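Only one structure is covered here, and it is reproduced in the block below.
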Amino acid sequence: MPISSNLRAALFMVIAMAGFTANDTIIKQLMVSMGLGQVMLIRGIFATAMIFILAWNRGALARPRQLLHPTMALRAVCEMMSTVCFLGALAHMPLANASAVLQALPLAVTMGAALFLGEQVGWRRWLAILFGFTGVMIIVQPGFDGFSVYSLLALGSVVFAAGRDLITRHIPGDVPSLLVSTMTALMVALFGGVLTVVSGDWAPVSTGSLGLLLMTAVLLLVGYQFIIMSMREGDISFVAPFRYTALIWALVLGYLVFGEVPGFAMIAGASFIVLSGLYALYREQVVGKGKPAAESTSPNMAPDGL
């Protein structure tokens with residue numbers, strides 16, 4: 001029995017979230033023995049090579065002068081900082097906690113669009129944003145015994161990723177997204193090399209670790225491609241909520257791989273974030289606006305460097 005386009009798109013989104021979360025899981029494992037910059041550099045080389053080949057085959061590199069647009073460099077800086085913050089948090093936080101904080105990205109983009117781009121956001125969506133970031137604070141637990149400074153890094157990743165998404169809107173429409181991704185992946189890899197040189201933290205890389213880093217780059221590419229397929233196949237209003245299956249994958253993999261059992265604060269905070277995100281998306285559909293939460297479910301919904 002054939003399934004509908006929306007159900008097929010939802011399945012694509014679930015697969016994409018599984019790919020991104022599996023990537024996070026492998027990276028978290030590798031950073032036990034490897035430095036952050038080293039991971040960014042090696043994985044970035046693999047990712048850049050694969051995206052470059054894909055962009056070349058699709059003709060996205062035909063006009064390299066488009067890379068000179070000032071928004072490209074600014075976006076790359078936000079991407080680099082978001083990647084550093086997230087990976088730094090991931091190395092010291094439970095997988096599900098880091099993933100839950102990242103789910104606040106659509107709300108952060110909505111807030112940024114209202115504050116800096118003059119987009120109209122009604123009081124209901126402002127309440128949803130407040131509700132969602134209350135959930136983030138429950139997870140971060142500032143001022144309590146469960147507080148970890150690395151939670152602030154996860155929050156910083158959301159801030160920089162939101163800045164990246166807002167800047168992306170100012171990139172000329174004729175610039176291919178694969179050209180943007182190629183440049184960003186390359187800049188993240190180079191930044192990883194700079195971090196490695198500055199810190200002097202280079203560990204011997206085994207063949208197994210090299211293979212795992214290659215796998216993470218493949219998982220990123222798979223995740224992005226399945227998100228694109230999902231967005232083209234189904235209605236955003238139906239598909240977008242399935243991005244939150246990333247939390248389910250993070251809970252399962254966190255428990256199976258690292259033995260992490262989520263606490264009450266994580267479950268409560270994640271619930272706040274998911275409910276507020278779903279309501280904000282609903283309100284955007286009601287008022288006839290597919291942005292900006294919908295944009296955060298696009299191929300840019302997670303840092304290119306992650």
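Numbering starts fresh at 1 for the residues of each chain in the structure tokens, the chains themselves are lettered A, B, ... in the order given, and ligands are numbered from 1 as they appear.
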Would you list the contacts of Leu115 (chain A) as a PDB file with C-alpha atoms, in the first residue's frame, taking every protein, DNA or RNA residue within 12 Å and counting only C-alpha atoms, but skipping same-chain residues closer than 5 positions in sequence?
ATOM      1  CA  ALA A 108      15.775  31.905  18.615  1.00  0.00           C
ATOM      2  CA  VAL A 109      15.432  32.579  14.875  1.00  0.00           C
ATOM      3  CA  THR A 110      11.874  33.832  15.383  1.00  0.00           C
ATOM      4  CA  GLN A 120       5.915  40.953  12.932  1.00  0.00           C
ATOM      5  CA  VAL A 121       5.636  38.491  15.812  1.00  0.00           C
ATOM      6  CA  TRP A 126       6.348  35.871  22.079  1.00  0.00           C
ATOM      7  CA  GLY A 163      22.673  34.527  13.684  1.00  0.00           C
ATOM      8  CA  LEU A 166      19.314  35.345   9.859  1.00  0.00           C
TER       9      LEU A 166
END
### Query
Among region 7-153 of chain A, which residues carry a DSSP assignment of alpha helix (DSSP H), reported as a PyMOL selection string?
chain A and resi 7-30+36-57+70-90+95-102+105-116+123-140+149-153
Print the selection's residues with C-alpha atoms to a file, as a JSON list (two decimals), in the first residue's frame.
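Output saved as out_9.json:
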[["chain", "number", "residue", "atom", "x", "y", "z"],
["A", 7, "LEU", "CA", 4.19, 10.42, 5.54],
["A", 8, "ARG", "CA", 7.11, 9.78, 3.22],
["A", 9, "ALA", "CA", 8.45, 13.27, 3.98],
["A", 10, "ALA", "CA", 8.05, 12.64, 7.71],
["A", 11, "LEU", "CA", 10.06, 9.42, 7.35],
["A", 12, "PHE", "CA", 12.79, 11.34, 5.53],
["A", 13, "MET", "CA", 12.90, 13.86, 8.39],
["A", 14, "VAL", "CA", 13.18, 11.09, 10.99],
["A", 15, "ILE", "CA", 16.06, 9.54, 9.03],
["A", 16, "ALA", "CA", 17.78, 12.94, 8.79],
["A", 17, "MET", "CA", 17.51, 13.45, 12.56],
["A", 18, "ALA", "CA", 18.89, 9.95, 13.12],
["A", 19, "GLY", "CA", 21.88, 10.82, 10.92],
["A", 20, "PHE", "CA", 22.61, 14.06, 12.76],
["A", 21, "THR", "CA", 22.28, 12.42, 16.18],
["A", 22, "ALA", "CA", 24.46, 9.46, 15.20],
["A", 23, "ASN", "CA", 27.07, 11.99, 14.08],
["A", 24, "ASP", "CA", 26.90, 13.71, 17.49],
["A", 25, "THR", "CA", 27.23, 10.35, 19.24],
["A", 26, "ILE", "CA", 30.37, 9.36, 17.34],
["A", 27, "ILE", "CA", 31.93, 12.80, 17.81],
["A", 28, "LYS", "CA", 31.25, 12.68, 21.56],
["A", 29, "GLN", "CA", 33.01, 9.31, 21.73],
["A", 30, "LEU", "CA", 36.01, 10.48, 19.73],
["A", 36, "LEU", "CA", 38.10, 19.62, 19.58],
["A", 37, "GLY", "CA", 40.18, 21.32, 16.89],
["A", 38, "GLN", "CA", 41.57, 18.03, 15.66],
["A", 39, "VAL", "CA", 38.07, 16.59, 15.27],
["A", 40, "MET", "CA", 36.89, 19.70, 13.43],
["A", 41, "LEU", "CA", 39.89, 19.63, 11.10],
["A", 42, "ILE", "CA", 39.83, 15.97, 10.08],
["A", 43, "ARG", "CA", 36.08, 15.65, 9.79],
["A", 44, "GLY", "CA", 35.96, 19.02, 8.03],
["A", 45, "ILE", "CA", 38.41, 17.82, 5.38],
["A", 46, "PHE", "CA", 36.21, 14.79, 4.66],
["A", 47, "ALA", "CA", 33.01, 16.86, 4.68],
["A", 48, "THR", "CA", 34.48, 19.58, 2.45],
["A", 49, "ALA", "CA", 35.69, 17.03, -0.08],
["A", 50, "MET", "CA", 32.29, 15.34, -0.32],
["A", 51, "ILE", "CA", 30.32, 18.60, -0.51],
["A", 52, "PHE", "CA", 32.79, 19.94, -3.09],
["A", 53, "ILE", "CA", 32.25, 16.91, -5.32],
["A", 54, "LEU", "CA", 28.48, 17.23, -4.97],
["A", 55, "ALA", "CA", 28.58, 20.97, -5.69],
["A", 56, "TRP", "CA", 30.85, 20.44, -8.69],
["A", 57, "ASN", "CA", 28.53, 17.81, -10.18],
["A", 70, "PRO", "CA", 30.34, 40.03, 2.53],
["A", 71, "THR", "CA", 27.51, 38.01, 4.04],
["A", 72, "MET", "CA", 29.34, 34.81, 3.14],
["A", 73, "ALA", "CA", 32.25, 35.56, 5.49],
["A", 74, "LEU", "CA", 29.97, 36.73, 8.28],
["A", 75, "ARG", "CA", 27.87, 33.58, 7.99],
["A", 76, "ALA", "CA", 31.00, 31.42, 8.07],
["A", 77, "VAL", "CA", 32.14, 33.12, 11.30],
["A", 78, "CYS", "CA", 28.80, 32.41, 12.96],
["A", 79, "GLU", "CA", 29.02, 28.82, 11.74],
["A", 80, "MET", "CA", 32.52, 28.36, 13.15],
["A", 81, "MET", "CA", 31.55, 29.75, 16.54],
["A", 82, "SER", "CA", 28.37, 27.69, 16.66],
["A", 83, "THR", "CA", 30.31, 24.53, 15.88],
["A", 84, "VAL", "CA", 32.98, 25.23, 18.50],
["A", 85, "CYS", "CA", 30.34, 25.96, 21.14],
["A", 86, "PHE", "CA", 28.26, 22.90, 20.39],
["A", 87, "LEU", "CA", 31.14, 20.44, 20.21],
["A", 88, "GLY", "CA", 32.65, 21.93, 23.37],
["A", 89, "ALA", "CA", 29.33, 21.41, 25.15],
["A", 90, "LEU", "CA", 28.80, 17.95, 23.66],
["A", 95, "LEU", "CA", 23.92, 13.85, 24.60],
["A", 96, "ALA", "CA", 20.19, 14.40, 25.18],
["A", 97, "ASN", "CA", 20.76, 17.62, 27.13],
["A", 98, "ALA", "CA", 22.87, 19.16, 24.37],
["A", 99, "SER", "CA", 20.35, 18.06, 21.76],
["A", 100, "ALA", "CA", 17.44, 19.49, 23.76],
["A", 101, "VAL", "CA", 19.04, 22.93, 24.03],
["A", 102, "LEU", "CA", 19.70, 22.93, 20.27],
["A", 105, "LEU", "CA", 16.94, 27.18, 17.47],
["A", 106, "PRO", "CA", 13.63, 27.88, 15.65],
["A", 107, "LEU", "CA", 12.48, 30.01, 18.60],
["A", 108, "ALA", "CA", 15.77, 31.91, 18.62],
["A", 109, "VAL", "CA", 15.43, 32.58, 14.88],
["A", 110, "THR", "CA", 11.87, 33.83, 15.38],
["A", 111, "MET", "CA", 13.03, 36.17, 18.13],
["A", 112, "GLY", "CA", 16.01, 37.41, 16.12],
["A", 113, "ALA", "CA", 13.83, 38.06, 13.08],
["A", 114, "ALA", "CA", 11.50, 40.17, 15.21],
["A", 115, "LEU", "CA", 14.27, 42.12, 16.93],
["A", 116, "PHE", "CA", 16.66, 42.69, 14.04],
["A", 123, "TRP", "CA", 2.05, 38.18, 21.52],
["A", 124, "ARG", "CA", 1.19, 34.49, 21.32],
["A", 125, "ARG", "CA", 4.47, 33.63, 19.64],
["A", 126, "TRP", "CA", 6.35, 35.87, 22.08],
["A", 127, "LEU", "CA", 4.80, 33.81, 24.89],
["A", 128, "ALA", "CA", 5.89, 30.64, 23.09],
["A", 129, "ILE", "CA", 9.45, 31.98, 22.86],
["A", 130, "LEU", "CA", 9.43, 32.85, 26.57],
["A", 131, "PHE", "CA", 8.02, 29.42, 27.39],
["A", 132, "GLY", "CA", 10.66, 27.71, 25.26],
["A", 133, "PHE", "CA", 13.59, 29.57, 26.75],
["A", 134, "THR", "CA", 12.20, 28.83, 30.20],
["A", 135, "GLY", "CA", 12.69, 25.20, 29.19],
["A", 136, "VAL", "CA", 16.28, 25.97, 28.21],
["A", 137, "MET", "CA", 16.89, 27.53, 31.63],
["A", 138, "ILE", "CA", 15.42, 24.44, 33.32],
["A", 139, "ILE", "CA", 17.99, 22.32, 31.49],
["A", 140, "VAL", "CA", 20.86, 24.76, 32.08],
["A", 149, "VAL", "CA", 29.23, 26.02, 32.46],
["A", 150, "TYR", "CA", 29.18, 23.80, 29.38],
["A", 151, "SER", "CA", 25.41, 24.30, 29.22],
["A", 152, "LEU", "CA", 26.15, 27.92, 28.39],
["A", 153, "LEU", "CA", 28.24, 26.72, 25.46]]
### Message
Need the shell around Glu260 (chain A): protein/DNA/RNA residues with any atom at most 7 Å away, counting only C-alpha atoms. Skip same-chain ones fewer than 5 positions apart. Format as number ranges by chain?
### Response
A: 94, 254-255
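Proximity to Ile273 (chain A) was assessed for A:Ala104, A:Val222, A:Ile227, A:Arg169 counting only C-alpha atoms; the smallest distance is recorded for A:Ala104.
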### Message
Measuring between only C-alpha atoms, which one of A:Gln103, A:Ser177, A:Gln66, A:Ser33 shows the shortest distance to Gly269 (chain A)?
### Response
A:Gln103
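Interatomic distance, CA of Thr245 (chain A) against CA of Phe264 (chain A): 18.9 Å.
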### Query
Could you pull the residues within 7 Å of Leu179 (chain A), counting only C-alpha atoms, minus those fewer than 2 positions along the same chain, as a list in words?
Ala55, Ala60, Leu61, Pro176, Ser177, Ser181, Thr182 and Met183 of chain A
Resulting file, chosen residues, N, CA and C atoms, as a compact mmCIF listing (two decimals), in the first residue's frame:
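Now in again-v4.txt:
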# COMPACT_ATOMS: atom_id res chain seq x y z
N ALA A 55 28.80 19.64 -5.12
CA ALA A 55 28.58 20.97 -5.69
C ALA A 55 29.11 21.06 -7.11
N ALA A 60 27.29 24.06 -8.99
CA ALA A 60 27.18 25.14 -8.01
C ALA A 60 28.45 25.97 -7.90
N LEU A 61 29.55 25.49 -8.48
CA LEU A 61 30.83 26.19 -8.36
C LEU A 61 31.16 26.99 -9.62
N PRO A 176 24.07 29.58 -5.15
CA PRO A 176 23.66 28.20 -4.85
C PRO A 176 23.95 27.82 -3.40
N SER A 177 23.01 27.12 -2.78
CA SER A 177 23.20 26.72 -1.38
C SER A 177 24.40 25.80 -1.22
N SER A 181 27.51 26.03 1.37
CA SER A 181 27.89 24.92 2.23
C SER A 181 29.35 24.52 2.03
N THR A 182 29.81 24.57 0.78
CA THR A 182 31.21 24.22 0.50
C THR A 182 32.15 25.18 1.21
N MET A 183 31.88 26.48 1.08
CA MET A 183 32.73 27.47 1.72
C MET A 183 32.69 27.32 3.24
### Task
Rounded to one decimal place, report the CA of Ala154 (chain A)-CA of Ala203 (chain A) distance in Å.
25.0 Å
### Message
I'd like the interatomic distance between CA of Val197 (chain A) and CA of Met34 (chain A), to a tenth of an Å.
### Response
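Between these atoms lies a distance of 13.7 Å.
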